[in-house]
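Undergrad: Right, I'll just put the structure down here and ask away after.
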Protein chains: 2
Amino acid sequence: MTTDQRVARGARSRVAITRHAVDVASVEGLSELSIGRLATDLAMSKSGVATLFRSKEQLQLATIETARQAFLDAVVRPALDAPQGSARVRALIERWIAYAEQPLFPGGCFWAANLPVFDSRPGPVRDALQRQRQAWLDLLAEQIQHAAHAGEAIGRDADLTAFHLDAVLTAANTAMRLGEPDAADKVRRLIDELL
Amino acid sequence: MTTDQRVARGARSRVAITRHAVDVASVEGLSELSIGRLATDLAMSKSGVATLFRSKEQLQLATIETARQAFLDAVVRPALDAPQGSARVRALIERWIAYAEQPLFPGGCFWAANLPVFDSRPGPVRDALQRQRQAWLDLLAEQIQHAAHAGEAIGRDADLTAFHLDAVLTAANTAMRLGEPDAADKVRRLIDELL
DNA sequence: AAATTAAGCGTACGATCGTTCGTACGTATT
DNA sequence: AATACGTACGAACGATCGTACGCTTAATTT
């Protein structure tokens, strides 16, 4: 642990920048993020922002990491209070629906907004987004597996069920983005069927 | 119907441009489409391309229309050979999976790639993409309704089932894009469960 | 035959992009 | 006290963006 006040100040600036960058990227996308735009929004100099991240790609990766932490805080961590197995699966899903319904990010789900943009574009950004997706699917599958072990059968194949749940949640996010009023209804009914 | 050779030539050029634009947009997105890039790729002048579409937004809308036609030709029209009801639902889905598996567009599903980018961005482009999504969902729901009418029960609520199917298909497209080898397997197993 | 229309090109415009300099100022290290 | 390091800035770089204007060429209309 370093206590260097210079790097501490830099770290604070990086946090402020990526926090705002997450909001921008959830609406306009990671690839449309611009250093100049962030600098203007935060009343900083363009070169100041550029120096702190060395390159746009590093800024994108830092933004992804900030979004990941916010997602963990809002969706995953609270659900860890629920006991393993089907209860935790339900808690995770409820949290996820709330995360999309009262959007944590102004553009809705950060991953739903950005993964489709990069899924055909190899590189570190795509890799980071894919890792996050896989971690989420693994988390779901792990808890489904626990449920199966405890006799609370909610799906024969844990991976497949996780994929299934994620598909429905992601589609619900899109529907909400498009202003379909019954999107929350639909996802809840489908999830109830699935579990 | 006009037979003016000048406008016919323009129409041909527009077709050539939007055909390429669809490919580019399926990989890099509609918002990253650039007039200069298309002109270079097609050995035309930038101003020539610009003149034919008057504005970038018009180019985007024309690109969407071209993608829509290609989608109809590849997915919808062939499935109309199947009798109405569950058979046509299955045909539509099979065609859709093929459309994603041996991609009609190099970036995979055009809609899956572009809708998330515009779903938080009001405007004509978002509206056009949303219309296409709704038409696809309506098409599915209509056939599911027919199936229900004929006693081939595949879902109590046609709209909800259409939403459900589309969610799984879209997720499969993303998984394929990310190179997950068992994505086609997964979607087929899930669809079989659902129908 | 003259005027109009559309495609298409060349050029230029202002704006924004990511990146790279040199510099200034404060902190940490030696 | 001298040196090195990190933040932050202003300025400038070449590139690309969308758009607009003027022009030529060819087809159509009057």
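Residue numbers start at 1 in each chain; chains themselves are named A, B, ... in the order of the structure tokens; ligands are numbered from 1 in the order shown.
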Write out as a PyMOL selection string each polymer residue whose atoms come within 12 Å of DT19 of chain C, counting only C-alpha atoms (C1' of nucleotides); drop sequence neighbours fewer than 3 positions from it.

TA: (chain A and resi 35+46-47+49-51+53-56) or (chain D and resi 12-15)

Undergrad: Could you write out the selected residues, including N, CA and C atoms (P, O5', C5', C4', C3', O3' and C1' of nucleotides), as a short mmCIF file (atom, residue, chain, number, x, y, z; two decimals), in the first residue's frame?

TA:
data_model
loop_
_atom_site.label_atom_id
_atom_site.label_comp_id
_atom_site.auth_asym_id
_atom_site.auth_seq_id
_atom_site.Cartn_x
_atom_site.Cartn_y
_atom_site.Cartn_z
N ILE A 35 -12.16 11.34 -24.84
CA ILE A 35 -11.39 11.96 -23.77
C ILE A 35 -11.75 13.43 -23.64
N LYS A 46 -8.10 18.30 -21.47
CA LYS A 46 -8.08 17.06 -22.25
C LYS A 46 -6.78 16.29 -22.01
N SER A 47 -5.68 17.01 -21.98
CA SER A 47 -4.40 16.32 -21.81
C SER A 47 -4.27 15.75 -20.40
N VAL A 49 -6.71 14.41 -18.65
CA VAL A 49 -7.42 13.12 -18.67
C VAL A 49 -6.60 12.09 -19.43
N ALA A 50 -6.03 12.52 -20.55
CA ALA A 50 -5.28 11.58 -21.39
C ALA A 50 -4.08 11.02 -20.62
N THR A 51 -3.40 11.90 -19.88
CA THR A 51 -2.22 11.47 -19.13
C THR A 51 -2.57 10.41 -18.09
N PHE A 53 -4.68 8.12 -18.13
CA PHE A 53 -5.03 6.79 -18.64
C PHE A 53 -4.13 6.31 -19.76
N ARG A 54 -3.22 7.20 -20.22
CA ARG A 54 -2.21 6.81 -21.19
C ARG A 54 -2.78 6.50 -22.59
N SER A 55 -3.96 5.96 -22.67
CA SER A 55 -4.55 5.69 -23.99
C SER A 55 -6.05 5.53 -23.82
N LYS A 56 -6.74 5.67 -24.92
CA LYS A 56 -8.19 5.53 -24.86
C LYS A 56 -8.59 4.12 -24.45
P DA D 12 -0.11 26.89 -30.52
"O5'" DA D 12 0.22 25.59 -31.38
"C5'" DA D 12 1.42 24.89 -31.15
"C4'" DA D 12 1.28 23.46 -31.63
"C3'" DA D 12 0.62 23.32 -33.00
"O3'" DA D 12 1.62 23.03 -33.98
"C1'" DA D 12 -0.09 21.63 -31.44
P DC D 13 1.26 22.68 -35.47
"O5'" DC D 13 1.07 21.11 -35.43
"C5'" DC D 13 2.14 20.26 -35.02
"C4'" DC D 13 1.75 18.80 -35.28
"C3'" DC D 13 0.76 18.63 -36.40
"O3'" DC D 13 1.39 18.73 -37.67
"C1'" DC D 13 0.07 17.35 -34.52
P DG D 14 1.58 17.86 -38.81
"O5'" DG D 14 0.70 16.60 -38.49
"C5'" DG D 14 1.20 15.29 -38.86
"C4'" DG D 14 0.05 14.32 -38.78
"C3'" DG D 14 -0.72 14.16 -40.11
"O3'" DG D 14 -0.95 12.78 -40.31
"C1'" DG D 14 -2.22 14.75 -38.38
P DA D 15 -1.66 12.34 -41.71
"O5'" DA D 15 -3.08 11.82 -41.23
"C5'" DA D 15 -3.17 11.09 -40.01
"C4'" DA D 15 -4.61 10.88 -39.62
"C3'" DA D 15 -5.58 10.74 -40.80
"O3'" DA D 15 -6.26 9.51 -40.69
"C1'" DA D 15 -6.38 12.35 -39.22
#

Undergrad: If the cut-off is 7 Å, can you tell me the residues of chain D near chain A, counting only C-alpha atoms (C1' of nucleotides)? I'd like them as a ChimeraX atom specification.

TA: /D:6-9

Undergrad: Write out as a PyMOL selection string all residues of segment 42-79 of chain B that backbone DSSP assigns to helix (DSSP H, G or I).

TA: chain B and resi 46-53+56-79

Undergrad: With N, CA and C atoms retained, could you export that selection as a compact mmCIF listing (two decimals), in the first residue's frame?

TA:
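Wrote it out as out_13.txt, contents follow:
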# COMPACT_ATOMS: atom_id res chain seq x y z
N LYS B 46 -16.10 10.72 -51.65
CA LYS B 46 -16.86 10.94 -50.44
C LYS B 46 -18.10 11.80 -50.72
N SER B 47 -17.92 12.82 -51.51
CA SER B 47 -19.06 13.70 -51.78
C SER B 47 -20.11 13.00 -52.63
N GLY B 48 -19.68 12.07 -53.46
CA GLY B 48 -20.65 11.31 -54.24
C GLY B 48 -21.56 10.49 -53.35
N VAL B 49 -20.96 9.83 -52.39
CA VAL B 49 -21.77 9.05 -51.44
C VAL B 49 -22.68 9.96 -50.64
N ALA B 50 -22.11 11.07 -50.19
CA ALA B 50 -22.89 11.99 -49.37
C ALA B 50 -24.09 12.52 -50.14
N THR B 51 -23.88 12.85 -51.40
CA THR B 51 -24.97 13.40 -52.21
C THR B 51 -26.12 12.40 -52.35
N LEU B 52 -25.77 11.13 -52.51
CA LEU B 52 -26.80 10.13 -52.75
C LEU B 52 -27.71 9.91 -51.54
N PHE B 53 -27.25 10.31 -50.35
CA PHE B 53 -28.07 10.07 -49.16
C PHE B 53 -28.41 11.34 -48.39
N LYS B 56 -26.08 11.72 -43.07
CA LYS B 56 -25.65 10.45 -42.49
C LYS B 56 -26.84 9.68 -41.94
N GLU B 57 -27.77 10.41 -41.35
CA GLU B 57 -28.93 9.72 -40.79
C GLU B 57 -29.72 9.01 -41.87
N GLN B 58 -29.87 9.65 -43.01
CA GLN B 58 -30.57 9.02 -44.13
C GLN B 58 -29.82 7.77 -44.59
N LEU B 59 -28.50 7.87 -44.58
CA LEU B 59 -27.70 6.70 -44.93
C LEU B 59 -27.94 5.57 -43.95
N GLN B 60 -28.01 5.91 -42.68
CA GLN B 60 -28.27 4.88 -41.67
C GLN B 60 -29.64 4.25 -41.88
N LEU B 61 -30.62 5.08 -42.17
CA LEU B 61 -31.97 4.56 -42.38
C LEU B 61 -32.02 3.67 -43.62
N ALA B 62 -31.33 4.09 -44.67
CA ALA B 62 -31.29 3.27 -45.89
C ALA B 62 -30.57 1.95 -45.62
N THR B 63 -29.54 2.01 -44.79
CA THR B 63 -28.81 0.79 -44.44
C THR B 63 -29.72 -0.17 -43.67
N ILE B 64 -30.50 0.39 -42.77
CA ILE B 64 -31.44 -0.44 -42.01
C ILE B 64 -32.44 -1.10 -42.96
N GLU B 65 -32.92 -0.34 -43.90
CA GLU B 65 -33.89 -0.89 -44.84
C GLU B 65 -33.28 -2.03 -45.67
N THR B 66 -32.05 -1.85 -46.09
CA THR B 66 -31.37 -2.91 -46.84
C THR B 66 -31.20 -4.16 -45.98
N ALA B 67 -30.82 -3.96 -44.73
CA ALA B 67 -30.67 -5.09 -43.82
C ALA B 67 -32.02 -5.78 -43.61
N ARG B 68 -33.06 -4.98 -43.52
CA ARG B 68 -34.39 -5.54 -43.31
C ARG B 68 -34.78 -6.45 -44.48
N GLN B 69 -34.54 -5.96 -45.68
CA GLN B 69 -34.87 -6.77 -46.86
C GLN B 69 -34.06 -8.07 -46.88
N ALA B 70 -32.78 -7.97 -46.57
CA ALA B 70 -31.93 -9.17 -46.58
C ALA B 70 -32.41 -10.16 -45.51
N PHE B 71 -32.82 -9.63 -44.37
CA PHE B 71 -33.33 -10.47 -43.30
C PHE B 71 -34.62 -11.16 -43.72
N LEU B 72 -35.50 -10.40 -44.34
CA LEU B 72 -36.76 -10.98 -44.81
C LEU B 72 -36.49 -12.10 -45.82
N ASP B 73 -35.57 -11.84 -46.74
CA ASP B 73 -35.26 -12.84 -47.75
C ASP B 73 -34.66 -14.10 -47.14
N ALA B 74 -33.81 -13.92 -46.15
CA ALA B 74 -33.06 -15.07 -45.63
C ALA B 74 -33.83 -15.84 -44.56
N VAL B 75 -34.62 -15.12 -43.78
CA VAL B 75 -35.24 -15.77 -42.62
C VAL B 75 -36.75 -15.92 -42.78
N VAL B 76 -37.41 -14.83 -43.09
CA VAL B 76 -38.86 -14.84 -43.04
C VAL B 76 -39.47 -15.54 -44.26
N ARG B 77 -39.06 -15.10 -45.45
CA ARG B 77 -39.73 -15.60 -46.65
C ARG B 77 -39.64 -17.12 -46.79
N PRO B 78 -38.47 -17.71 -46.60
CA PRO B 78 -38.40 -19.17 -46.74
C PRO B 78 -39.33 -19.90 -45.76
N ALA B 79 -39.54 -19.28 -44.58
CA ALA B 79 -40.38 -19.95 -43.57
C ALA B 79 -41.86 -19.87 -43.92

Undergrad: If we count only C-alpha atoms (C1' of nucleotides) and set the cut-off at 9 Å, which residues sit around Ser34 of chain A, ignoring sequence neighbours fewer than 5 positions away in its own chain? Please answer as a list in words.

TA: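 Counting only the stated atoms, we get Ala39 and Lys56 of chain A; DC17 and DG18 of chain C.
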
Undergrad: Can I get the selected residues back with N, CA and C atoms (P, O5', C5', C4', C3', O3' and C1' of nucleotides), as a compact mmCIF listing (two decimals), in the first residue's frame?

TA:
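Below is the file that was written, again02.txt:
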# COMPACT_ATOMS: atom_id res chain seq x y z
N ALA A 39 -13.35 15.37 -20.40
CA ALA A 39 -12.63 16.52 -19.83
C ALA A 39 -13.55 17.73 -19.72
N LYS A 56 -6.74 5.67 -24.92
CA LYS A 56 -8.19 5.53 -24.86
C LYS A 56 -8.59 4.12 -24.45
P DC C 17 -14.62 14.74 -29.24
O5' DC C 17 -13.51 13.75 -29.81
C5' DC C 17 -13.90 12.78 -30.77
C4' DC C 17 -12.67 12.17 -31.43
C3' DC C 17 -11.53 11.87 -30.47
O3' DC C 17 -11.75 10.61 -29.87
C1' DC C 17 -10.73 12.83 -32.51
P DG C 18 -11.05 10.24 -28.52
O5' DG C 18 -9.56 9.89 -28.95
C5' DG C 18 -9.34 8.81 -29.84
C4' DG C 18 -7.86 8.65 -30.11
C3' DG C 18 -7.00 8.45 -28.86
O3' DG C 18 -5.98 7.51 -29.13
C1' DG C 18 -6.34 10.43 -29.98

Undergrad: Please check the contacts: residues of chain C at most 12 Å away from chain A, using only C-alpha atoms (C1' of nucleotides), listed as a list in words.

TA: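 Those within range of chain A come out as DT16, DC17, DG18, DT19, DT20, DC21, DC25, DG26, DT27, DA28 and DT29 of chain C.
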
Undergrad: Those selected residues, please, written with N, CA and C atoms (P, O5', C5', C4', C3', O3' and C1' of nucleotides) and delivered as a JSON list (two decimals), in the first residue's frame.

TA:
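Dumped everything to result.json:
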[["chain", "number", "residue", "atom", "x", "y", "z"],
["C", 16, "DT", "P", -16.85, 20.58, -31.41],
["C", 16, "DT", "O5'", -16.12, 19.17, -31.45],
["C", 16, "DT", "C5'", -16.75, 18.06, -32.06],
["C", 16, "DT", "C4'", -15.73, 16.97, -32.28],
["C", 16, "DT", "C3'", -14.89, 16.65, -31.02],
["C", 16, "DT", "O3'", -15.26, 15.36, -30.57],
["C", 16, "DT", "C1'", -13.59, 16.71, -33.02],
["C", 17, "DC", "P", -14.62, 14.74, -29.24],
["C", 17, "DC", "O5'", -13.51, 13.75, -29.81],
["C", 17, "DC", "C5'", -13.90, 12.78, -30.77],
["C", 17, "DC", "C4'", -12.67, 12.17, -31.43],
["C", 17, "DC", "C3'", -11.53, 11.87, -30.47],
["C", 17, "DC", "O3'", -11.75, 10.61, -29.87],
["C", 17, "DC", "C1'", -10.73, 12.83, -32.51],
["C", 18, "DG", "P", -11.05, 10.24, -28.52],
["C", 18, "DG", "O5'", -9.56, 9.89, -28.95],
["C", 18, "DG", "C5'", -9.34, 8.81, -29.84],
["C", 18, "DG", "C4'", -7.86, 8.65, -30.11],
["C", 18, "DG", "C3'", -7.00, 8.45, -28.86],
["C", 18, "DG", "O3'", -5.98, 7.51, -29.13],
["C", 18, "DG", "C1'", -6.34, 10.43, -29.98],
["C", 19, "DT", "P", -4.97, 7.05, -28.02],
["C", 19, "DT", "O5'", -3.69, 7.95, -28.31],
["C", 19, "DT", "C5'", -3.27, 8.16, -29.67],
["C", 19, "DT", "C4'", -2.16, 9.19, -29.73],
["C", 19, "DT", "C3'", -1.14, 9.13, -28.58],
["C", 19, "DT", "O3'", 0.14, 8.80, -29.10],
["C", 19, "DT", "C1'", -1.80, 11.38, -29.09],
["C", 20, "DT", "P", 1.40, 8.65, -28.10],
["C", 20, "DT", "O5'", 2.14, 10.06, -28.28],
["C", 20, "DT", "C5'", 2.26, 10.62, -29.58],
["C", 20, "DT", "C4'", 2.95, 11.98, -29.49],
["C", 20, "DT", "C3'", 4.03, 12.04, -28.41],
["C", 20, "DT", "O3'", 5.19, 12.65, -28.95],
["C", 20, "DT", "C1'", 2.51, 13.82, -28.14],
["C", 21, "DC", "P", 6.61, 12.56, -28.21],
["C", 21, "DC", "O5'", 7.18, 14.01, -28.51],
["C", 21, "DC", "C5'", 7.59, 14.81, -27.45],
["C", 21, "DC", "C4'", 7.02, 16.21, -27.59],
["C", 21, "DC", "C3'", 7.56, 17.16, -26.54],
["C", 21, "DC", "O3'", 8.71, 17.81, -27.04],
["C", 21, "DC", "C1'", 5.17, 17.41, -26.83],
["C", 25, "DC", "P", 5.02, 27.40, -11.50],
["C", 25, "DC", "O5'", 4.45, 26.28, -10.51],
["C", 25, "DC", "C5'", 3.12, 25.84, -10.67],
["C", 25, "DC", "C4'", 2.91, 24.58, -9.83],
["C", 25, "DC", "C3'", 3.64, 24.63, -8.49],
["C", 25, "DC", "O3'", 2.72, 24.35, -7.45],
["C", 25, "DC", "C1'", 4.08, 22.60, -9.60],
["C", 26, "DG", "P", 3.08, 24.71, -5.94],
["C", 26, "DG", "O5'", 3.06, 23.31, -5.20],
["C", 26, "DG", "C5'", 1.87, 22.52, -5.21],
["C", 26, "DG", "C4'", 2.23, 21.05, -5.19],
["C", 26, "DG", "C3'", 2.91, 20.57, -3.89],
["C", 26, "DG", "O3'", 2.11, 19.56, -3.31],
["C", 26, "DG", "C1'", 4.04, 19.75, -5.81],
["C", 27, "DT", "P", 2.40, 19.16, -1.79],
["C", 27, "DT", "O5'", 3.16, 17.77, -1.94],
["C", 27, "DT", "C5'", 2.49, 16.68, -2.55],
["C", 27, "DT", "C4'", 3.50, 15.61, -2.89],
["C", 27, "DT", "C3'", 4.25, 15.03, -1.69],
["C", 27, "DT", "O3'", 3.91, 13.66, -1.57],
["C", 27, "DT", "C1'", 5.70, 15.43, -3.55],
["C", 28, "DA", "P", 4.45, 12.83, -0.32],
["C", 28, "DA", "O5'", 5.72, 12.08, -0.93],
["C", 28, "DA", "C5'", 5.58, 11.37, -2.15],
["C", 28, "DA", "C4'", 6.91, 10.80, -2.59],
["C", 28, "DA", "C3'", 7.75, 10.16, -1.48],
["C", 28, "DA", "O3'", 8.16, 8.88, -1.91],
["C", 28, "DA", "C1'", 9.03, 11.78, -2.66],
["C", 29, "DT", "P", 9.04, 7.94, -0.97],
["C", 29, "DT", "O5'", 10.50, 8.07, -1.59],
["C", 29, "DT", "C5'", 10.65, 7.95, -3.01],
["C", 29, "DT", "C4'", 12.08, 8.30, -3.41],
["C", 29, "DT", "C3'", 13.17, 7.67, -2.54],
["C", 29, "DT", "O3'", 14.12, 7.03, -3.38],
["C", 29, "DT", "C1'", 13.56, 9.99, -2.78]]

Undergrad: Based on only C-alpha atoms, which of the residues in chain B come within 6 Å of chain A? I want them as a VMD selection string.

TA: chain B and resid 27 107 113 116 119 to 120 167 to 168 171 177 to 178

Undergrad: What's the 9 Å shell around Gln84 of chain B, counting only C-alpha atoms (C1' of nucleotides), without same-chain residues fewer than 5 positions away, as a PyMOL selection string?

TA: chain B and resi 89+143-144+146-147

Undergrad: Report as a list in words all protein, DNA and RNA residues lying within 12 Å of DT24 of chain D, evaluated on only C-alpha atoms (C1' of nucleotides), omitting residues in the same chain fewer than 3 positions from it.

TA: DA7, DG8, DC9 and DG10 of chain C

Undergrad: Write a file of the just-selected residues containing N, CA and C atoms (P, O5', C5', C4', C3', O3' and C1' of nucleotides), as a JSON list (two decimals), in the first residue's frame.

TA:
[["chain", "number", "residue", "atom", "x", "y", "z"],
["C", 7, "DA", "P", -29.73, 11.22, -58.23],
["C", 7, "DA", "O5'", -28.35, 11.00, -58.99],
["C", 7, "DA", "C5'", -28.29, 10.12, -60.10],
["C", 7, "DA", "C4'", -26.87, 10.01, -60.63],
["C", 7, "DA", "C3'", -25.84, 9.59, -59.59],
["C", 7, "DA", "O3'", -24.94, 8.67, -60.18],
["C", 7, "DA", "C1'", -25.27, 11.72, -60.50],
["C", 8, "DG", "P", -23.98, 7.81, -59.29],
["C", 8, "DG", "O5'", -22.70, 8.73, -59.16],
["C", 8, "DG", "C5'", -21.95, 9.02, -60.33],
["C", 8, "DG", "C4'", -20.99, 10.15, -60.04],
["C", 8, "DG", "C3'", -20.17, 10.01, -58.75],
["C", 8, "DG", "O3'", -18.84, 9.64, -59.09],
["C", 8, "DG", "C1'", -20.86, 12.26, -59.21],
["C", 9, "DC", "P", -17.70, 9.55, -58.04],
["C", 9, "DC", "O5'", -16.94, 10.93, -58.25],
["C", 9, "DC", "C5'", -16.45, 11.28, -59.53],
["C", 9, "DC", "C4'", -15.79, 12.64, -59.48],
["C", 9, "DC", "C3'", -14.75, 12.79, -58.37],
["C", 9, "DC", "O3'", -13.53, 13.25, -58.92],
["C", 9, "DC", "C1'", -16.32, 14.57, -58.30],
["C", 10, "DG", "P", -12.20, 13.24, -58.08],
["C", 10, "DG", "O5'", -12.09, 14.78, -57.67],
["C", 10, "DG", "C5'", -12.12, 15.77, -58.69],
["C", 10, "DG", "C4'", -11.96, 17.15, -58.08],
["C", 10, "DG", "C3'", -10.93, 17.23, -56.93],
["C", 10, "DG", "O3'", -10.07, 18.34, -57.17],
["C", 10, "DG", "C1'", -13.05, 18.04, -56.21]]
